[in-house]
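K.L.:
Provided herewith: protein-v2.csv, CSV, C-alpha atoms and all ligand atoms.
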```
chain,number,residue,atom,x,y,z
A,168,MET,CA,-10.4,-19.7,-13.8
A,169,MET,CA,-7.2,-20.1,-11.8
A,170,ASN,CA,-7.5,-21.4,-8.3
A,171,CYS,CA,-6.2,-19.8,-5.1
A,172,LYS,CA,-3.1,-21.9,-5.0
A,173,GLN,CA,-2.1,-20.7,-8.5
A,174,ALA,CA,-3.2,-17.1,-7.7
A,175,THR,CA,-1.0,-16.8,-4.6
A,176,ARG,CA,1.9,-18.3,-6.4
A,177,LEU,CA,1.6,-15.6,-9.1
A,178,VAL,CA,1.2,-12.9,-6.5
A,179,SER,CA,4.5,-13.9,-4.9
A,180,GLN,CA,6.3,-14.3,-8.3
A,181,SER,CA,5.1,-10.8,-9.3
A,182,GLN,CA,7.6,-9.5,-6.7
A,183,ASP,CA,10.5,-11.4,-8.4
A,184,ARG,CA,9.7,-11.3,-12.1
A,185,GLU,CA,7.5,-9.5,-14.6
A,186,LEU,CA,4.3,-11.4,-15.1
A,187,SER,CA,3.1,-12.0,-18.7
A,188,LEU,CA,0.1,-10.1,-19.9
A,189,PRO,CA,-2.2,-13.2,-19.8
A,190,GLU,CA,-1.0,-14.0,-16.3
A,191,ARG,CA,-1.7,-10.4,-15.1
A,192,ILE,CA,-5.2,-10.5,-16.6
A,193,ARG,CA,-6.1,-13.8,-15.1
A,194,LEU,CA,-4.6,-12.9,-11.7
A,195,ARG,CA,-6.4,-9.5,-11.6
A,196,PHE,CA,-9.7,-11.3,-12.4
A,197,HIS,CA,-9.2,-13.8,-9.7
A,198,LEU,CA,-8.3,-11.1,-7.1
A,199,LEU,CA,-11.5,-9.3,-8.0
A,200,MET,CA,-13.5,-12.4,-7.2
A,201,CYS,CA,-11.7,-13.7,-4.2
A,202,SER,CA,-11.3,-11.8,-0.9
A,203,GLY,CA,-8.9,-14.4,0.5
A,204,CYS,CA,-6.4,-13.9,-2.3
A,205,SER,CA,-7.0,-10.2,-2.4
A,206,ASN,CA,-6.1,-10.0,1.3
A,207,TYR,CA,-3.0,-12.2,0.5
A,208,ASN,CA,-2.0,-9.8,-2.2
A,209,LYS,CA,-2.2,-6.7,0.1
A,210,GLN,CA,-0.3,-8.6,2.8
A,211,MET,CA,2.5,-9.5,0.4
A,212,SER,CA,3.0,-5.8,-0.4
A,213,PHE,CA,3.0,-5.0,3.3
A,214,ILE,CA,5.6,-7.7,4.1
A,215,ARG,CA,7.9,-6.3,1.4
A,216,LYS,CA,7.4,-2.8,2.9
A,217,ALA,CA,8.2,-4.2,6.4
A,218,MET,CA,11.4,-5.8,5.1
A,219,GLN,CA,12.5,-2.4,3.6
A,220,LYS,CA,11.7,-0.7,6.9
A,221,LEU,CA,13.7,-3.4,8.7
A,222,ARG,CA,16.8,-2.4,6.8
A,223,GLU,CA,16.5,1.1,8.0
A,224,ARG,CA,16.1,0.2,11.6
B,229,MET,CA,23.9,-9.1,13.8
B,230,LEU,CA,26.1,-12.2,14.3
B,231,ARG,CA,23.2,-14.5,14.0
B,232,PHE,CA,22.1,-12.9,10.7
B,233,THR,CA,25.6,-13.0,9.3
B,234,THR,CA,26.1,-16.6,10.3
B,235,LEU,CA,22.8,-17.5,8.6
B,236,GLN,CA,23.9,-15.9,5.4
B,237,LEU,CA,27.5,-17.2,5.4
B,238,ARG,CA,26.8,-20.6,7.0
B,239,ASP,CA,30.2,-20.3,8.8
B,240,ALA,CA,30.2,-19.1,12.4
B,241,VAL,CA,33.9,-18.2,12.5
B,242,LEU,CA,33.9,-16.4,9.2
B,243,ALA,CA,30.7,-14.6,10.3
B,244,GLU,CA,32.4,-13.3,13.5
B,245,ASP,CA,35.3,-12.0,11.5
B,246,VAL,CA,33.0,-10.2,9.1
B,247,VAL,CA,31.0,-8.6,11.9
B,248,HIS,CA,34.2,-7.4,13.6
B,249,GLU,CA,35.4,-6.0,10.3
B,250,ALA,CA,32.2,-4.2,9.8
B,251,ILE,CA,32.1,-2.7,13.2
B,252,SER,CA,35.7,-1.5,13.1
B,253,ALA,CA,35.1,-0.1,9.6
B,254,ALA,CA,32.1,1.7,10.9
B,255,ILE,CA,34.1,3.2,13.9
B,256,SER,CA,37.1,4.2,11.8
B,257,SER,CA,35.1,5.6,8.9
B,258,ALA,CA,34.7,9.3,8.7
B,259,GLN,CA,31.6,8.9,6.7
B,260,TYR,CA,29.2,8.5,9.6
B,261,ASN,CA,27.5,11.8,9.8
B,262,GLY,CA,25.6,11.4,13.0
B,263,ARG,CA,22.3,11.1,11.2
B,264,GLY,CA,20.4,7.9,11.5
B,265,SER,CA,21.1,5.3,14.1
B,266,LEU,CA,24.6,3.9,14.5
B,267,LYS,CA,23.1,0.4,14.3
B,268,SER,CA,21.7,0.9,10.9
B,269,TRP,CA,25.0,2.5,9.8
B,270,VAL,CA,26.9,-0.6,10.9
B,271,PHE,CA,24.3,-2.8,9.3
B,272,ALA,CA,24.7,-1.0,6.0
B,273,ILE,CA,28.4,-1.7,6.1
B,274,LEU,CA,27.9,-5.3,7.2
B,275,ARG,CA,25.4,-5.9,4.4
B,276,ASN,CA,28.0,-4.9,1.8
B,277,LYS,CA,30.7,-7.1,3.4
B,278,ILE,CA,28.4,-10.1,3.4
B,279,ILE,CA,27.6,-9.5,-0.2
B,280,ASP,CA,31.3,-9.3,-1.1
B,281,VAL,CA,32.0,-12.5,0.8
B,282,ILE,CA,29.1,-14.4,-0.9
B,283,ARG,CA,30.2,-13.2,-4.3
B,284,GLU,CA,33.9,-14.0,-3.8
B,285,ARG,CA,33.5,-17.4,-2.2
B,286,ASN,CA,33.9,-20.6,-4.2
B,287,ARG,CA,30.6,-22.3,-3.8
B,288,HIS,CA,29.9,-26.0,-3.7
B,289,PRO,CA,26.6,-27.3,-4.9
B,290,THR,CA,24.3,-26.7,-2.0
B,291,GLU,CA,22.1,-29.1,-0.2
B,292,SER,CA,18.5,-29.6,-1.4
B,293,PHE,CA,16.4,-26.5,-0.9
B,294,ILE,CA,13.1,-28.0,-1.6
B,295,GLU,CA,11.4,-29.6,1.3
B,296,ASP,CA,7.8,-30.6,1.8
B,297,ASP,CA,5.5,-27.9,0.7
B,298,GLU,CA,3.8,-26.8,3.9
B,299,ASN,CA,1.8,-24.2,1.9
B,300,ASP,CA,-0.3,-27.0,0.6
B,301,ASP,CA,-2.4,-27.7,3.6
B,302,ALA,CA,-3.9,-24.2,3.3
B,303,PHE,CA,-5.8,-25.3,0.2
B,304,ASP,CA,-8.5,-27.8,-0.4
B,305,GLY,CA,-8.4,-30.5,-3.2
B,306,LYS,CA,-9.4,-27.9,-5.8
B,307,GLY,CA,-6.7,-25.5,-4.8
B,308,HIS,CA,-9.1,-23.0,-3.0
B,309,TRP,CA,-8.5,-21.7,0.5
B,310,LYS,CA,-9.7,-23.9,3.3
B,311,LYS,CA,-12.0,-21.8,5.5
B,312,THR,CA,-9.6,-22.0,8.4
B,313,HIS,CA,-6.6,-20.8,6.4
B,314,LYS,CA,-8.2,-18.0,4.3
B,315,PRO,CA,-6.2,-14.8,4.8
B,316,SER,CA,-8.2,-12.3,6.8
B,317,ASP,CA,-8.5,-8.5,6.3
B,318,TRP,CA,-5.6,-6.8,8.0
B,319,GLY,CA,-7.1,-3.3,7.6
B,320,GLN,CA,-4.3,-0.8,7.3
B,321,PRO,CA,-1.2,-2.9,8.3
B,322,GLU,CA,1.2,0.0,7.5
B,323,ASN,CA,0.1,1.6,10.8
B,324,ASN,CA,1.9,-1.1,12.6
B,325,LEU,CA,5.3,-0.2,11.3
B,326,ASP,CA,5.8,2.2,14.1
B,327,ASN,CA,4.7,-0.3,16.7
B,328,GLU,CA,7.5,-1.9,18.7
B,329,GLN,CA,5.4,-4.9,19.5
B,330,PHE,CA,4.9,-5.5,15.8
B,331,TRP,CA,8.7,-5.7,15.2
B,332,VAL,CA,9.1,-8.1,18.1
B,333,VAL,CA,6.6,-10.5,16.4
B,334,PHE,CA,8.0,-9.8,12.9
B,335,GLU,CA,11.6,-10.8,13.9
B,336,ILE,CA,10.4,-13.9,15.7
B,337,CYS,CA,8.5,-14.9,12.6
B,338,LEU,CA,11.6,-14.3,10.5
B,339,ASN,CA,13.6,-16.4,12.9
B,340,HIS,CA,11.1,-19.3,12.6
B,341,LEU,CA,11.6,-19.7,8.8
B,342,PRO,CA,13.5,-22.9,8.0
B,343,VAL,CA,17.2,-22.2,7.5
B,344,ASN,CA,17.4,-22.7,3.8
B,345,THR,CA,14.2,-20.8,3.1
B,346,ALA,CA,15.4,-18.0,5.3
B,347,ARG,CA,18.8,-17.7,3.5
B,348,VAL,CA,17.1,-17.3,0.1
B,349,PHE,CA,14.5,-14.9,1.5
B,350,MET,CA,17.0,-12.7,3.3
B,351,MET,CA,19.4,-12.5,0.4
B,352,ARG,CA,16.5,-11.3,-1.7
B,353,GLU,CA,14.6,-9.1,0.7
B,354,HIS,CA,17.2,-8.0,3.1
B,355,LEU,CA,20.4,-7.9,1.2
B,356,GLY,CA,18.6,-6.7,-1.9
B,357,PHE,CA,19.9,-9.2,-4.4
B,358,GLU,CA,17.9,-9.7,-7.6
B,359,LEU,CA,16.4,-13.2,-7.6
B,360,LYS,CA,18.6,-14.1,-10.6
B,361,GLU,CA,21.7,-13.3,-8.6
B,362,VAL,CA,20.4,-15.4,-5.7
B,363,CYS,CA,19.9,-18.3,-8.1
B,364,ARG,CA,23.5,-17.9,-9.4
B,365,GLU,CA,25.0,-17.7,-6.0
B,366,LEU,CA,23.2,-20.7,-4.6
B,367,ASN,CA,22.9,-22.9,-7.7
B,368,LEU,CA,19.1,-22.7,-7.8
B,369,SER,CA,16.9,-22.9,-10.8
B,370,ASP,CA,14.4,-20.0,-11.3
B,371,SER,CA,11.5,-22.2,-10.4
B,372,ASN,CA,13.1,-23.5,-7.3
B,373,ALA,CA,13.8,-20.0,-6.1
B,374,TRP,CA,10.2,-18.9,-6.8
B,375,VAL,CA,8.9,-21.9,-4.8
B,376,ILE,CA,11.2,-21.0,-1.9
B,377,MET,CA,10.3,-17.3,-2.0
B,378,HIS,CA,6.6,-18.1,-2.1
B,379,ARG,CA,6.9,-20.4,0.8
B,380,ALA,CA,8.9,-17.9,2.8
B,381,ARG,CA,6.3,-15.2,2.2
B,382,SER,CA,3.4,-17.4,2.9
B,383,GLN,CA,4.9,-18.7,6.2
B,384,LEU,CA,5.7,-15.1,7.3
B,385,ARG,CA,2.1,-14.1,6.5
B,386,LYS,CA,0.6,-16.9,8.4
B,387,CYS,CA,2.9,-16.3,11.4
B,388,LEU,CA,2.0,-12.7,11.5
B,389,GLU,CA,-1.7,-13.4,11.1
B,390,LEU,CA,-1.7,-16.0,13.9
B,391,ASN,CA,0.6,-14.2,16.4
B,392,TYR,CA,0.0,-10.5,15.7
B,393,ILE,CA,-3.3,-9.9,13.9
B,394,ARG,CA,-5.4,-12.5,15.6
B,395,GLY,CA,-3.6,-11.8,18.8
B,396,GLY,CA,-5.6,-8.6,18.8
B,397,ARG,CA,-2.6,-6.3,18.5
B,398,LEU,CA,-3.7,-4.8,15.2
B,399,SER,CA,-3.8,-1.1,15.5
C,1,ZN,ZN,-8.4,-17.0,-4.4
```
How does the structure come out when it is put into structure tokens?
Ligand SMILES: [Zn+2]

P.N.:
Amino acid sequence: MMNCKQATRLVSQSQDRELSLPERIRLRFHLLMCSGCSNYNKQMSFIRKAMQKLRER
Amino acid sequence: MLRFTTLQLRDAVLAEDVVHEAISAAISSAQYNGRGSLKSWVFAILRNKIIDVIRERNRHPTESFIEDDENDDAFDGKGHWKKTHKPSDWGQPENNLDNEQFWVVFEICLNHLPVNTARVFMMREHLGFELKEVCRELNLSDSNAWVIMHRARSQLRKCLELNYIRGGRLS
């Protein structure tokens, strides 16, 4: 199973490139098992949303 | 505005010119329709001007973008979160987007990113370049750029968690 360091890296990269199918599956599995990375994942979406909002301010 | 432009262009004099140009373009333009704030209107023009300058400018190979990886001390030897660094539950963070205090902290956190990291992050997330374009403009490899973006996001996250979420300001 991938560790948290790898999982957070993939979460970030998913905002910049399309992940491969195996990457997506392994990541999804990790996120189901790990609350830390699952929180990280939600926070990354939030930060992107905040950056969009910042442009409109 | 000027600080942001200087960061992007790495040239204070040029940045001042570009900001002036953007402001006078905004004033003389008939397109401003009174909707939305004047500031965001000027910023929209400024953003396009910065993009033009970056695209036109002859670039020299840039300084090294990869510094020590600070993200690393969030993880133990096996690559799992250390207890003290594990991201906490932020609840419904979107509720904070209308909170002025949030934006104060957010901008402080952005300003605390190392300069090179901030430049890449802002080109991608504020100017809206595709990461491929950022790589081309700054002579970065894809993997370098991913490392930098990941570092920027992780540092922002950590900064928000320490200074906003744990500061008890979460709504
Ligand atoms: Zn994890």

K.L.:
Enumerate residues in contact with ligand ZN 1 (chain C): an atom-to-atom distance of at most 9 Å, counting only C-alpha atoms and all ligand atoms. Format the result as a list of chain:residue names.

P.N.:
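Residues satisfying the distance criterion: A:Met169, A:Asn170, A:Cys171, A:Lys172, A:Gln173, A:Ala174, A:Thr175, A:His197, A:Leu198, A:Met200, A:Cys201, A:Ser202, A:Gly203, A:Cys204, A:Ser205, A:Tyr207, B:Gly307, B:His308, B:Trp309, B:Lys314.
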
K.L.:
Using only C-alpha atoms, find the residues of chain A whose closest atom to chain B is at most 8 Å away, then write them as an mmCIF file with C-alpha atoms, in the frame of the given file.

P.N.:
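And here is the file that came out, selection.cif:
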```
data_model
loop_
_atom_site.group_PDB
_atom_site.id
_atom_site.type_symbol
_atom_site.label_atom_id
_atom_site.label_comp_id
_atom_site.auth_asym_id
_atom_site.auth_seq_id
_atom_site.Cartn_x
_atom_site.Cartn_y
_atom_site.Cartn_z
ATOM 1 C CA ASN A 170 -7.500 -21.400 -8.300
ATOM 2 C CA CYS A 171 -6.200 -19.800 -5.100
ATOM 3 C CA LYS A 172 -3.100 -21.900 -5.000
ATOM 4 C CA GLN A 173 -2.100 -20.700 -8.500
ATOM 5 C CA ARG A 176 1.900 -18.300 -6.400
ATOM 6 C CA SER A 179 4.500 -13.900 -4.900
ATOM 7 C CA GLN A 180 6.300 -14.300 -8.300
ATOM 8 C CA ASP A 183 10.500 -11.400 -8.400
ATOM 9 C CA GLY A 203 -8.900 -14.400 0.500
ATOM 10 C CA CYS A 204 -6.400 -13.900 -2.300
ATOM 11 C CA ASN A 206 -6.100 -10.000 1.300
ATOM 12 C CA TYR A 207 -3.000 -12.200 0.500
ATOM 13 C CA GLN A 210 -0.300 -8.600 2.800
ATOM 14 C CA MET A 211 2.500 -9.500 0.400
ATOM 15 C CA PHE A 213 3.000 -5.000 3.300
ATOM 16 C CA ILE A 214 5.600 -7.700 4.100
ATOM 17 C CA ARG A 215 7.900 -6.300 1.400
ATOM 18 C CA ALA A 217 8.200 -4.200 6.400
ATOM 19 C CA MET A 218 11.400 -5.800 5.100
ATOM 20 C CA GLN A 219 12.500 -2.400 3.600
ATOM 21 C CA LYS A 220 11.700 -0.700 6.900
ATOM 22 C CA ARG A 222 16.800 -2.400 6.800
ATOM 23 C CA GLU A 223 16.500 1.100 8.000
ATOM 24 C CA ARG A 224 16.100 0.200 11.600
#
```

K.L.:
Using only C-alpha atoms, can you tell me which of B:Ile251, B:Tyr392, B:Leu235, B:Asn276 comes closest to B:Asn327?

P.N.:
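Looking at the shortest contact to B:Asn327, the residue is B:Tyr392.
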
K.L.:
Could you tell me how far atom CA of B:Met351 lies from atom CA of B:Ser252, in Å and to one decimal?

P.N.:
23.4 Å

K.L.:
Quick check, in Å to one decimal: how far apart do atom CA of B:Val333 and atom CA of B:Val348 lie?

P.N.:
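Between atom CA of B:Val333 and atom CA of B:Val348 the gap is 20.5 Å.
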